[in-house]
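A.B. asks: I have a structure I would like to understand better, so I am pasting it below and will then ask my questions one at a time.
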Amino acid sequence: MTRRMWESQLEKYKDIFQINDDFQHWVDNDIWVEDTETGAIAEIAGAVHGGVLIPTTAANNDQSYLRSKQEHFLYGGAVGTAAGANKFPIHFAWEGFYAEVNPDTANLFIGMMDALASATQPMQDDGLGPKASFNGFGFFRVDATNAAGLSGVVWHTVIDNLTDAAYPQRITPLTLANQGRSGMSGAKQDADNDTLYRLEAEYRPIGAVSALLLEVEFAFWINNILVDTHRGVMTKANFAEMHFGFGVHAGEAQITSMSVDYVTASQRRIRSIV
């Protein structure tokens, strides 16, 4: 998959569910729900074109997220149906940056995740990466002092389908070695403080392997450059509805923040006349 389906297949359909926001206006518990561990408050940034600032408090392992009010997205669309299971691709894009007091201390997540809430730790404490089991896919970054053996200086991609033995959680650090694969960018994808990024990802159901299994494909872009792809087989029984969300988890006792300029998330409507 070398080009976005959003530029090809999805644009053919008029029946697409979509969330778009450049945060000219912000009300909690409307389109988005603010979920903070200790009460840090998201606020509209006073910048040209809008934006929202999501801070933590000055406490190590404090975390703050915005998530869609409902779990609007679902792998595969109609669970358990072999026919038509390839009609429901998902696409999201996020544009923004993060700020940290000391280098390589911010933990970040941007993407799809079921039950995305600070109480379930979308990003685990002490830089251990995303929670061990969830439905979803996206980008993340961990602080450099983590004990999980993850790189603290590059973006990572993650794909998961709960406890699916057919498709175990897949984490890919976007290091120079991984970017040397055919079709990738050829350069490692650093996650740098106060640098504007456009992160984009797509899920594409290829087709039913059986009544129980679905072949799927994922693609990820950073600043319009393809940085990761993967194809595999997922167990349909594990599919669960997902939030679209994003947020920050402090890796030190300092205020850490995420500034978001624009987001979009789309999926073809599961109940459709097409």
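Residues in the structure tokens are named by chain (A, B, ... in the order shown) and by number from 1 within that chain; ligands are numbered from 1 in the order shown.
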Can you list, as a PyMOL selection string, every protein, DNA or RNA residue that comes within 9 Å of region 58-71 of chain A when you count only C-alpha atoms, leaving out same-chain residues fewer than 6 positions away?
C.D. replies: chain A and resi 19+29-42+107+109+113-118+121+123-127+240-257
A.B. asks: Write a file of the selected residues as a PDB file, in the first residue's frame, keeping C-alpha atoms.
C.D. replies:
```pdb
ATOM      1  CA  ILE A  19     -14.438  13.911  12.760  1.00  0.00           C
ATOM      2  CA  ASN A  29     -17.702  16.569  26.799  1.00  0.00           C
ATOM      3  CA  ASP A  30     -18.895  17.728  23.385  1.00  0.00           C
ATOM      4  CA  ILE A  31     -17.024  16.282  20.382  1.00  0.00           C
ATOM      5  CA  TRP A  32     -14.128  15.477  22.716  1.00  0.00           C
ATOM      6  CA  VAL A  33     -13.873  14.306  26.290  1.00  0.00           C
ATOM      7  CA  GLU A  34     -10.960  15.551  28.354  1.00  0.00           C
ATOM      8  CA  ASP A  35      -9.493  12.819  30.538  1.00  0.00           C
ATOM      9  CA  THR A  36      -6.825  13.883  32.995  1.00  0.00           C
ATOM     10  CA  GLU A  37      -5.304  12.035  35.907  1.00  0.00           C
ATOM     11  CA  THR A  38      -4.885  14.992  38.281  1.00  0.00           C
ATOM     12  CA  GLY A  39      -6.973  17.760  36.753  1.00  0.00           C
ATOM     13  CA  ALA A  40      -4.764  19.588  34.255  1.00  0.00           C
ATOM     14  CA  ILE A  41      -7.080  21.573  31.967  1.00  0.00           C
ATOM     15  CA  ALA A  42      -6.913  21.633  28.164  1.00  0.00           C
ATOM     16  CA  ASN A 107       5.439  10.027  26.516  1.00  0.00           C
ATOM     17  CA  PHE A 109       0.056   8.560  22.071  1.00  0.00           C
ATOM     18  CA  MET A 113      -7.712   2.778  21.063  1.00  0.00           C
ATOM     19  CA  ASP A 114     -10.678   1.103  22.751  1.00  0.00           C
ATOM     20  CA  ALA A 115     -11.477   2.340  26.258  1.00  0.00           C
ATOM     21  CA  LEU A 116      -8.979   5.196  25.941  1.00  0.00           C
ATOM     22  CA  ALA A 117      -8.901   6.659  29.447  1.00  0.00           C
ATOM     23  CA  SER A 118      -6.229   7.787  31.876  1.00  0.00           C
ATOM     24  CA  GLN A 121      -3.080   4.057  31.161  1.00  0.00           C
ATOM     25  CA  MET A 123       0.717   4.921  27.929  1.00  0.00           C
ATOM     26  CA  GLN A 124       2.069   2.998  30.892  1.00  0.00           C
ATOM     27  CA  ASP A 125       3.949   4.673  33.740  1.00  0.00           C
ATOM     28  CA  ASP A 126       7.735   4.997  33.618  1.00  0.00           C
ATOM     29  CA  GLY A 127       7.957   4.943  29.822  1.00  0.00           C
ATOM     30  CA  ALA A 240     -14.023  -3.807  19.792  1.00  0.00           C
ATOM     31  CA  GLU A 241     -15.153  -0.254  19.147  1.00  0.00           C
ATOM     32  CA  MET A 242     -12.388   2.345  19.404  1.00  0.00           C
ATOM     33  CA  HIS A 243     -11.960   5.957  20.426  1.00  0.00           C
ATOM     34  CA  PHE A 244      -9.807   8.314  18.415  1.00  0.00           C
ATOM     35  CA  GLY A 245      -7.600  10.160  20.871  1.00  0.00           C
ATOM     36  CA  PHE A 246      -4.279  11.731  21.691  1.00  0.00           C
ATOM     37  CA  GLY A 247      -2.420  12.899  24.731  1.00  0.00           C
ATOM     38  CA  VAL A 248       0.687  13.232  26.817  1.00  0.00           C
ATOM     39  CA  HIS A 249       2.150  11.390  29.817  1.00  0.00           C
ATOM     40  CA  ALA A 250       4.868  13.129  31.832  1.00  0.00           C
ATOM     41  CA  GLY A 251       8.154  11.258  32.220  1.00  0.00           C
ATOM     42  CA  GLU A 252       9.469  13.581  34.936  1.00  0.00           C
ATOM     43  CA  ALA A 253       8.171  15.941  37.635  1.00  0.00           C
ATOM     44  CA  GLN A 254       7.729  18.794  35.173  1.00  0.00           C
ATOM     45  CA  ILE A 255       4.799  20.082  33.133  1.00  0.00           C
ATOM     46  CA  THR A 256       4.736  18.340  29.741  1.00  0.00           C
ATOM     47  CA  SER A 257       2.307  19.335  27.004  1.00  0.00           C
TER      48      SER A 257
END
```
A.B. asks: Can you list, as a list in words, every protein, DNA or RNA residue that comes within 10 Å of Glu202 (chain A) when you count only C-alpha atoms, leaving out same-chain residues fewer than 4 positions away?
C.D. replies: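 So, after excluding close chain neighbours, the residues are Met1, Arg4, Met5, Trp6, Pro89, Ile90, His91, Phe92, Ala93, Phe137, Gly138, Glu217, Phe218, Ala219, Phe220, Trp221, Thr229, Ala265, Ser266 and Gln267 of chain A.
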A.B. asks: Using only C-alpha atoms for the distances, tell me which of A:Gly180, A:Asp190, A:Leu196, A:Glu100 is nearest to Thr57 (chain A).
C.D. replies: A:Glu100
A.B. asks: Please provide the set of residues having any atom within 7 Å of Gly232 (chain A), restricted to only C-alpha atoms, with same-chain residues fewer than 4 positions apart removed, written as a list in words.
C.D. replies: Tyr167, Glu215, Val216 and Glu217 of chain A
A.B. asks: Among region 120-172 of chain A, which ones does DSSP place in strand (DSSP E or B), written as a list in words?
C.D. replies: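 DSSP-assigned strand (DSSP E or B) residues in region 120-172 of chain A: Met123, Pro130, Asn135, Gly136, Phe137, Gly138, Phe139, Phe140, Arg141, Val154, His156, Thr157, Val158, Ile159, Asp160, Asn161, Thr163, Arg170, Ile171 and Thr172 of chain A.
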A.B. asks: Atoms to include: C-alpha atoms. Write the selected residues as a PDB file, in the first residue's frame.
C.D. replies:
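Output file part-v6.pdb is given in full below:
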```pdb
ATOM      1  CA  MET A 123       0.717   4.921  27.929  1.00  0.00           C
ATOM      2  CA  PRO A 130       1.311   1.556  25.245  1.00  0.00           C
ATOM      3  CA  ASN A 135      -7.881  -2.658  20.067  1.00  0.00           C
ATOM      4  CA  GLY A 136      -6.273   0.012  17.962  1.00  0.00           C
ATOM      5  CA  PHE A 137      -3.319   1.446  16.083  1.00  0.00           C
ATOM      6  CA  GLY A 138      -1.308   4.635  16.126  1.00  0.00           C
ATOM      7  CA  PHE A 139       1.926   6.415  16.932  1.00  0.00           C
ATOM      8  CA  PHE A 140       3.679   6.738  20.261  1.00  0.00           C
ATOM      9  CA  ARG A 141       6.839   8.047  21.837  1.00  0.00           C
ATOM     10  CA  VAL A 154      12.233   8.129  17.699  1.00  0.00           C
ATOM     11  CA  HIS A 156       7.093   4.210  17.128  1.00  0.00           C
ATOM     12  CA  THR A 157       4.054   2.661  15.509  1.00  0.00           C
ATOM     13  CA  VAL A 158       1.789   0.205  17.301  1.00  0.00           C
ATOM     14  CA  ILE A 159      -0.967  -2.165  16.130  1.00  0.00           C
ATOM     15  CA  ASP A 160      -3.007  -4.357  18.462  1.00  0.00           C
ATOM     16  CA  ASN A 161      -6.151  -6.509  18.518  1.00  0.00           C
ATOM     17  CA  THR A 163      -5.120 -10.802  23.024  1.00  0.00           C
ATOM     18  CA  ARG A 170       3.204  -5.159  16.986  1.00  0.00           C
ATOM     19  CA  ILE A 171       5.515  -2.283  17.977  1.00  0.00           C
ATOM     20  CA  THR A 172       7.937  -0.821  15.434  1.00  0.00           C
TER      21      THR A 172
END
```
A.B. asks: Using only C-alpha atoms, find the one residue out of A:Leu226, A:Val142, A:Leu174, A:Val153 that sits nearest to Glu200 (chain A).
C.D. replies: A:Leu226
A.B. asks: Please identify all polymer residues within 9 Å of Asp22 (chain A), counting only C-alpha atoms, omitting same-chain residues fewer than 6 positions from it, and present them as a list of chain:residue names.
C.D. replies: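 Once the adjacent positions are removed, what remains is A:His49, A:Gly50, A:Gly51, A:Val52, A:Val260, A:Asp261, A:Tyr262, A:Val263, A:Thr264.
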A.B. asks: When you look at Gly152 (chain A) with a cut-off of 8 Å (counting only C-alpha atoms), what residues show up, excluding the ones that are within fewer than 5 positions of it in the same chain? I need them as a PDB file with N, CA and C atoms, in the first residue's frame.
C.D. replies:
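Contents of around06.pdb, as written:
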```
ATOM      1  N   ASP A 104      13.845  14.366  26.004  1.00  0.00           N
ATOM      2  CA  ASP A 104      13.509  12.940  25.962  1.00  0.00           C
ATOM      3  C   ASP A 104      12.795  12.460  27.222  1.00  0.00           C
ATOM      4  N   THR A 105      11.805  13.244  27.670  1.00  0.00           N
ATOM      5  CA  THR A 105      11.053  12.870  28.867  1.00  0.00           C
ATOM      6  C   THR A 105       9.545  12.736  28.619  1.00  0.00           C
ATOM      7  N   ARG A 141       5.465   7.679  21.510  1.00  0.00           N
ATOM      8  CA  ARG A 141       6.839   8.047  21.837  1.00  0.00           C
ATOM      9  C   ARG A 141       7.011   7.850  23.336  1.00  0.00           C
ATOM     10  N   VAL A 142       8.172   7.362  23.774  1.00  0.00           N
ATOM     11  CA  VAL A 142       8.413   7.112  25.196  1.00  0.00           C
ATOM     12  C   VAL A 142       9.593   7.937  25.688  1.00  0.00           C
ATOM     13  N   ASP A 143       9.635   8.119  27.021  1.00  0.00           N
ATOM     14  CA  ASP A 143      10.791   8.841  27.568  1.00  0.00           C
ATOM     15  C   ASP A 143      12.020   7.941  27.565  1.00  0.00           C
ATOM     16  N   ALA A 144      13.173   8.554  27.527  1.00  0.00           N
ATOM     17  CA  ALA A 144      14.423   7.827  27.291  1.00  0.00           C
ATOM     18  C   ALA A 144      14.872   7.009  28.480  1.00  0.00           C
ATOM     19  N   THR A 145      14.272   7.206  29.656  1.00  0.00           N
ATOM     20  CA  THR A 145      14.710   6.472  30.845  1.00  0.00           C
ATOM     21  C   THR A 145      13.875   5.212  31.072  1.00  0.00           C
ATOM     22  N   ASN A 146      13.124   4.785  30.054  1.00  0.00           N
ATOM     23  CA  ASN A 146      12.223   3.643  30.241  1.00  0.00           C
ATOM     24  C   ASN A 146      13.004   2.342  30.425  1.00  0.00           C
TER      25      ASN A 146
END
```
A.B. asks: Using only C-alpha atoms, find the one residue out of A:Leu162, A:Ala106, A:Phe17, A:Ala237 that sits nearest to Thr56 (chain A).
C.D. replies: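 The closest residue to Thr56 (chain A) is A:Ala106.
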A.B. asks: Quick one: pull the distance between CA of Tyr197 (chain A) and CA of Ser151 (chain A), Å, one decimal.
C.D. replies: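 Rounded to one decimal, the two atoms are 18.3 Å apart.
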A.B. asks: If you run DSSP on the backbone here, which positions in region 75-134 of chain A get helix (DSSP H, G or I)? Please write them as a PyMOL selection string.
C.D. replies: chain A and resi 118-120+125-127
A.B. asks: Give me a file of those residues, with N, CA and C atoms, as a PDB file, in the first residue's frame.
C.D. replies:
```pdb
ATOM      1  N   SER A 118      -7.429   7.725  31.043  1.00  0.00           N
ATOM      2  CA  SER A 118      -6.229   7.787  31.876  1.00  0.00           C
ATOM      3  C   SER A 118      -6.217   6.672  32.925  1.00  0.00           C
ATOM      4  N   ALA A 119      -7.399   6.245  33.358  1.00  0.00           N
ATOM      5  CA  ALA A 119      -7.467   5.184  34.372  1.00  0.00           C
ATOM      6  C   ALA A 119      -6.919   3.861  33.859  1.00  0.00           C
ATOM      7  N   THR A 120      -6.965   3.653  32.537  1.00  0.00           N
ATOM      8  CA  THR A 120      -6.446   2.406  31.961  1.00  0.00           C
ATOM      9  C   THR A 120      -5.045   2.577  31.391  1.00  0.00           C
ATOM     10  N   ASP A 125       3.013   3.893  32.933  1.00  0.00           N
ATOM     11  CA  ASP A 125       3.949   4.673  33.740  1.00  0.00           C
ATOM     12  C   ASP A 125       5.392   4.266  33.444  1.00  0.00           C
ATOM     13  N   ASP A 126       6.293   5.221  33.691  1.00  0.00           N
ATOM     14  CA  ASP A 126       7.735   4.997  33.618  1.00  0.00           C
ATOM     15  C   ASP A 126       8.204   4.608  32.217  1.00  0.00           C
ATOM     16  N   GLY A 127       7.499   5.117  31.199  1.00  0.00           N
ATOM     17  CA  GLY A 127       7.957   4.943  29.822  1.00  0.00           C
ATOM     18  C   GLY A 127       7.881   3.536  29.285  1.00  0.00           C
TER      19      GLY A 127
END
```
A.B. asks: For CA of Pro205 (chain A) and CA of Lys131 (chain A), determine how far apart the two atoms are, in Å to one decimal place.
C.D. replies: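 Computed distance, CA of Pro205 (chain A) to CA of Lys131 (chain A), equals 23.7 Å.
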A.B. asks: Pick out the closest residue to Ser133 (chain A) from this set: A:Asn102, A:Gly149, A:Pro168, A:Trp94. Count only C-alpha atoms.
C.D. replies: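 For Ser133 (chain A), the nearest of the candidates is A:Pro168.
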A.B. asks: Have a look at CA of Lys188 (chain A) and CA of Ile206 (chain A) and let me know their distance in Å, one decimal.
C.D. replies: 28.6 Å
